[in-house]
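Since the structure comes first, as structure tokens, the remarks are kept for the end.
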Amino acid sequence: PHPVAHRLLEPPPASLASHFGKMLRLATRPTRVMAVCRAPLMRAVNTRADVSAAQQMPQQYRDNAEGKLLQHLSKVAAKCFREGKLDESNEMYHALVKARRDRHGDRHPLTLRAVGALSGVAQERGDHQLAESLAREASSTSRELLGVMHPDSLQQLSNLASVLSSQGKLGEAEHAAREAVEGFKLVFGESDRQFIEAKLLLERCKQSSSLSPSP
């Protein structure tokens with residue numbers, strides 16, 4: 001391969017991708033993962049320094065390197081979210097959404113997944129308006145782009161139902177959750193985790209609706 005590409009795609013242990021990969025595998029040491037990896041990873045995504053500095057590098061190698069970098073960012077952002085590190089996760093998902101929009105455009109499955117993930121983070125951080133806006137974007141665009149029965153579309157619809165339910169918009173949330181349940185049942189069956197989670201969400205929406213005062 002091109003010498004510059006070789007340096008980026010198979011970097012020495014001290015460089016970003018290799019070092020981050022090792023840290024990511026240390027699942028029992030999440031604090032160490034964040035301390036070592038977050039700052040250089042964010043700098044690399046925000047500046048594209050590690051994937052586009054050499055203008056003479058062939059496009060295919062730049063694309064490969066940047067794609068791997070964004071995959072790493074997505075993994076560590078999700079890890080932070082699961083561990084309740086909302087500020088770190090929010091920062092990373094904002095960077096990921098921006099990078100995905102720049103790289104793929106607004107109507108690409110990878111962009112929409114990042115938008116949906118950011119919606120979940122925004123909801124947990126109490127930014128309800130942003131959460132709903134992003135969830136609606138991810139759901140409606142996925143359905144237009146991939147079809148209503150695509151797994152991504154069903155997951156985005158379930159995410160939207162969760163956001164709406166958290167905001168007390170129970171009627172719309174219940175409708176979206178029911179559609180997601182029916183879709184997951186047809187696509188994956190009743191033993192699938194996504195079907196089970198969507199069904200539990202639907203039950204919570206129905207229960208909340210029954211407890212809410214009538215208008």
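Ligands are numbered from 1 in the order shown, residues from 1 within each chain, and chains are lettered A, B, ... in the order they appear in the structure tokens.
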
Point to revise | Residue contacts of A:Ser210 (12 Å, only C-alpha atoms) excluding same-chain residues fewer than 4 positions away, as a PyMOL selection string | key: chain A and resi 170-171+174+203-206+214

Point to revise | All residues 8 Å or closer to A:Ala131, only C-alpha atoms, same chain fewer than 4 positions away omitted, as a list in words | key: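 Here the answer would be Leu118, Ser119, Gly120, Val121, Ala122, Gln123, Asp127, Ala135 and Val163 of chain A.
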
Review point. So which one's closest to A:Gly183, A:Gln156, A:Gln167, A:Ser208, A:Ser74? Using only C-alpha atoms, please.
Key: A:Gln156

Practice item. Go through A:Ile196, A:Leu201, A:Leu186, A:Leu146 and flag the residue nearest A:Leu160, using only C-alpha atoms for the distances. Key: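 Checking each of A:Ile196, A:Leu201, A:Leu186, A:Leu146 against A:Leu160, counting only C-alpha atoms, the winner is A:Leu201.
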
Review point. Which residues come within 10 Å of A:Glu144, counting only C-alpha atoms, excluding same-chain residues fewer than 5 positions away, as a list in words?
Key: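 The neighbour list is Arg107, Ser139 and Ser153 of chain A.
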
Practice item. Work out how far apart atom CA of A:Arg82 and atom CA of A:Arg125 are and give it in Å to one decimal. Key: 13.3 Å

Which residues of stretch 71-158 of chain A have any atom within 12 Å of an atom in stretch 177-182 of chain A when counting only C-alpha atoms, and what is the closest pair of atoms for each, with the distance in Å to one decimal? Order the rows by chain and rising number and write it as a Markdown table.
```
| residue | atom | partner | partner_atom | distance |
| --- | --- | --- | --- | --- |
| A:Ser139 | CA | A:Ala180 | CA | 11.1 |
| A:Arg143 | CA | A:Ala180 | CA | 11.9 |
| A:Val148 | CA | A:Ala180 | CA | 9.4 |
| A:Met149 | CA | A:Ala180 | CA | 8.9 |
| A:His150 | CA | A:Ala180 | CA | 10.7 |
| A:Pro151 | CA | A:Ala180 | CA | 9.7 |
| A:Asp152 | CA | A:Ala180 | CA | 10.8 |
| A:Ser153 | CA | A:Ala180 | CA | 8.8 |
| A:Leu154 | CA | A:Ala180 | CA | 5.4 |
| A:Gln155 | CA | A:Ala180 | CA | 7.4 |
| A:Gln156 | CA | A:Ala180 | CA | 8.9 |
| A:Leu157 | CA | A:Ala180 | CA | 6.2 |
| A:Ser158 | CA | A:Ala177 | CA | 5.7 |
```

Put those residues in a file: N, CA, C and O atoms, as a PDB file, in the first residue's frame.
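Once everything was written out, this is selection-v5.pdb:
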```pdb
ATOM      1  N   SER A 139     -36.171   8.821  12.638  1.00  0.00           N
ATOM      2  CA  SER A 139     -37.258   7.891  12.322  1.00  0.00           C
ATOM      3  C   SER A 139     -37.855   8.152  10.941  1.00  0.00           C
ATOM      4  O   SER A 139     -37.972   7.235  10.124  1.00  0.00           O
ATOM      5  N   ARG A 143     -37.411   5.677   7.560  1.00  0.00           N
ATOM      6  CA  ARG A 143     -38.570   5.067   6.912  1.00  0.00           C
ATOM      7  C   ARG A 143     -38.625   5.419   5.425  1.00  0.00           C
ATOM      8  O   ARG A 143     -38.964   4.568   4.588  1.00  0.00           O
ATOM      9  N   VAL A 148     -40.390   0.988   5.864  1.00  0.00           N
ATOM     10  CA  VAL A 148     -40.919   0.966   7.230  1.00  0.00           C
ATOM     11  C   VAL A 148     -40.579  -0.318   7.977  1.00  0.00           C
ATOM     12  O   VAL A 148     -40.590  -0.335   9.215  1.00  0.00           O
ATOM     13  N   MET A 149     -40.260  -1.397   7.265  1.00  0.00           N
ATOM     14  CA  MET A 149     -40.000  -2.666   7.933  1.00  0.00           C
ATOM     15  C   MET A 149     -38.513  -2.972   8.065  1.00  0.00           C
ATOM     16  O   MET A 149     -38.144  -4.048   8.550  1.00  0.00           O
ATOM     17  N   HIS A 150     -37.666  -2.053   7.666  1.00  0.00           N
ATOM     18  CA  HIS A 150     -36.228  -2.272   7.846  1.00  0.00           C
ATOM     19  C   HIS A 150     -35.899  -2.223   9.339  1.00  0.00           C
ATOM     20  O   HIS A 150     -36.471  -1.414  10.087  1.00  0.00           O
ATOM     21  N   PRO A 151     -34.995  -3.093   9.816  1.00  0.00           N
ATOM     22  CA  PRO A 151     -34.644  -3.091  11.245  1.00  0.00           C
ATOM     23  C   PRO A 151     -34.219  -1.734  11.780  1.00  0.00           C
ATOM     24  O   PRO A 151     -34.575  -1.366  12.906  1.00  0.00           O
ATOM     25  N   ASP A 152     -33.461  -0.966  10.991  1.00  0.00           N
ATOM     26  CA  ASP A 152     -33.063   0.370  11.431  1.00  0.00           C
ATOM     27  C   ASP A 152     -34.284   1.272  11.613  1.00  0.00           C
ATOM     28  O   ASP A 152     -34.369   2.034  12.585  1.00  0.00           O
ATOM     29  N   SER A 153     -35.226   1.185  10.681  1.00  0.00           N
ATOM     30  CA  SER A 153     -36.425   2.022  10.771  1.00  0.00           C
ATOM     31  C   SER A 153     -37.250   1.657  12.001  1.00  0.00           C
ATOM     32  O   SER A 153     -37.772   2.540  12.698  1.00  0.00           O
ATOM     33  N   LEU A 154     -37.354   0.370  12.279  1.00  0.00           N
ATOM     34  CA  LEU A 154     -38.115  -0.070  13.446  1.00  0.00           C
ATOM     35  C   LEU A 154     -37.433   0.368  14.733  1.00  0.00           C
ATOM     36  O   LEU A 154     -38.103   0.786  15.689  1.00  0.00           O
ATOM     37  N   GLN A 155     -36.111   0.294  14.774  1.00  0.00           N
ATOM     38  CA  GLN A 155     -35.403   0.719  15.973  1.00  0.00           C
ATOM     39  C   GLN A 155     -35.530   2.226  16.188  1.00  0.00           C
ATOM     40  O   GLN A 155     -35.717   2.689  17.319  1.00  0.00           O
ATOM     41  N   GLN A 156     -35.442   2.987  15.115  1.00  0.00           N
ATOM     42  CA  GLN A 156     -35.595   4.438  15.240  1.00  0.00           C
ATOM     43  C   GLN A 156     -37.015   4.797  15.677  1.00  0.00           C
ATOM     44  O   GLN A 156     -37.220   5.745  16.462  1.00  0.00           O
ATOM     45  N   LEU A 157     -37.993   4.042  15.201  1.00  0.00           N
ATOM     46  CA  LEU A 157     -39.375   4.285  15.617  1.00  0.00           C
ATOM     47  C   LEU A 157     -39.551   3.972  17.100  1.00  0.00           C
ATOM     48  O   LEU A 157     -40.222   4.717  17.832  1.00  0.00           O
ATOM     49  N   SER A 158     -38.939   2.894  17.552  1.00  0.00           N
ATOM     50  CA  SER A 158     -38.989   2.546  18.972  1.00  0.00           C
ATOM     51  C   SER A 158     -38.301   3.612  19.818  1.00  0.00           C
ATOM     52  O   SER A 158     -38.790   3.986  20.896  1.00  0.00           O
TER      53      SER A 158
END
```

7 Å contact set for A:Tyr93, only C-alpha atoms, chain neighbours under 2 positions out, as a PDB file with all heavy atoms, in the first residue's frame:
```pdb
ATOM      1  N   ALA A  77     -18.311   6.152  22.498  1.00  0.00           N
ATOM      2  CA  ALA A  77     -19.447   6.996  22.865  1.00  0.00           C
ATOM      3  C   ALA A  77     -20.567   6.149  23.454  1.00  0.00           C
ATOM      4  O   ALA A  77     -21.181   6.522  24.458  1.00  0.00           O
ATOM      5  CB  ALA A  77     -19.954   7.772  21.648  1.00  0.00           C
ATOM      6  N   SER A  89     -20.282  11.263  26.549  1.00  0.00           N
ATOM      7  CA  SER A  89     -21.017  10.644  25.449  1.00  0.00           C
ATOM      8  C   SER A  89     -21.641  11.699  24.546  1.00  0.00           C
ATOM      9  O   SER A  89     -21.620  11.586  23.313  1.00  0.00           O
ATOM     10  CB  SER A  89     -22.101   9.726  26.017  1.00  0.00           C
ATOM     11  OG  SER A  89     -22.790   9.062  24.986  1.00  0.00           O
ATOM     12  N   ASN A  90     -22.188  12.747  25.145  1.00  0.00           N
ATOM     13  CA  ASN A  90     -22.794  13.823  24.370  1.00  0.00           C
ATOM     14  C   ASN A  90     -21.770  14.489  23.466  1.00  0.00           C
ATOM     15  O   ASN A  90     -22.032  14.741  22.274  1.00  0.00           O
ATOM     16  CB  ASN A  90     -23.402  14.854  25.325  1.00  0.00           C
ATOM     17  CG  ASN A  90     -24.049  16.010  24.605  1.00  0.00           C
ATOM     18  OD1 ASN A  90     -25.036  15.843  23.893  1.00  0.00           O
ATOM     19  ND2 ASN A  90     -23.500  17.202  24.790  1.00  0.00           N
ATOM     20  N   GLU A  91     -20.593  14.771  24.008  1.00  0.00           N
ATOM     21  CA  GLU A  91     -19.536  15.401  23.214  1.00  0.00           C
ATOM     22  C   GLU A  91     -19.146  14.528  22.029  1.00  0.00           C
ATOM     23  O   GLU A  91     -18.984  14.999  20.897  1.00  0.00           O
ATOM     24  CB  GLU A  91     -18.326  15.665  24.102  1.00  0.00           C
ATOM     25  CG  GLU A  91     -17.172  16.363  23.381  1.00  0.00           C
ATOM     26  CD  GLU A  91     -15.954  16.531  24.268  1.00  0.00           C
ATOM     27  OE1 GLU A  91     -15.941  15.968  25.391  1.00  0.00           O
ATOM     28  OE2 GLU A  91     -15.021  17.224  23.839  1.00  0.00           O
ATOM     29  N   ALA A  95     -19.831  15.076  17.864  1.00  0.00           N
ATOM     30  CA  ALA A  95     -18.745  15.014  16.889  1.00  0.00           C
ATOM     31  C   ALA A  95     -19.011  13.948  15.840  1.00  0.00           C
ATOM     32  O   ALA A  95     -18.738  14.142  14.652  1.00  0.00           O
ATOM     33  CB  ALA A  95     -17.423  14.733  17.605  1.00  0.00           C
ATOM     34  N   LEU A  96     -19.561  12.814  16.278  1.00  0.00           N
ATOM     35  CA  LEU A  96     -19.844  11.724  15.342  1.00  0.00           C
ATOM     36  C   LEU A  96     -20.920  12.130  14.339  1.00  0.00           C
ATOM     37  O   LEU A  96     -20.789  11.863  13.131  1.00  0.00           O
ATOM     38  CB  LEU A  96     -20.284  10.481  16.115  1.00  0.00           C
ATOM     39  CG  LEU A  96     -20.598   9.246  15.269  1.00  0.00           C
ATOM     40  CD1 LEU A  96     -19.355   8.777  14.529  1.00  0.00           C
ATOM     41  CD2 LEU A  96     -21.156   8.127  16.143  1.00  0.00           C
ATOM     42  N   VAL A  97     -21.991  12.766  14.817  1.00  0.00           N
ATOM     43  CA  VAL A  97     -23.054  13.199  13.909  1.00  0.00           C
ATOM     44  C   VAL A  97     -22.510  14.189  12.880  1.00  0.00           C
ATOM     45  O   VAL A  97     -22.804  14.084  11.677  1.00  0.00           O
ATOM     46  CB  VAL A  97     -24.224  13.822  14.697  1.00  0.00           C
ATOM     47  CG1 VAL A  97     -25.185  14.547  13.748  1.00  0.00           C
ATOM     48  CG2 VAL A  97     -24.973  12.753  15.473  1.00  0.00           C
ATOM     49  N   ALA A 114     -26.296   7.525  14.111  1.00  0.00           N
ATOM     50  CA  ALA A 114     -25.634   8.471  15.013  1.00  0.00           C
ATOM     51  C   ALA A 114     -26.626   9.512  15.528  1.00  0.00           C
ATOM     52  O   ALA A 114     -26.602   9.875  16.706  1.00  0.00           O
ATOM     53  CB  ALA A 114     -24.472   9.160  14.288  1.00  0.00           C
ATOM     54  N   LEU A 118     -27.614  10.123  19.448  1.00  0.00           N
ATOM     55  CA  LEU A 118     -27.517  11.443  20.073  1.00  0.00           C
ATOM     56  C   LEU A 118     -28.854  11.846  20.681  1.00  0.00           C
ATOM     57  O   LEU A 118     -28.891  12.491  21.743  1.00  0.00           O
ATOM     58  CB  LEU A 118     -27.059  12.473  19.049  1.00  0.00           C
ATOM     59  CG  LEU A 118     -26.926  13.918  19.551  1.00  0.00           C
ATOM     60  CD1 LEU A 118     -25.962  14.004  20.721  1.00  0.00           C
ATOM     61  CD2 LEU A 118     -26.469  14.839  18.408  1.00  0.00           C
TER      62      LEU A 118
END
```

Practice item. Between A:Leu134, A:Val76, A:Val187, A:Leu145, single out the one closest to A:Leu164, counting only C-alpha atoms. Key: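 Closest to A:Leu164 of all the choices is A:Leu134.
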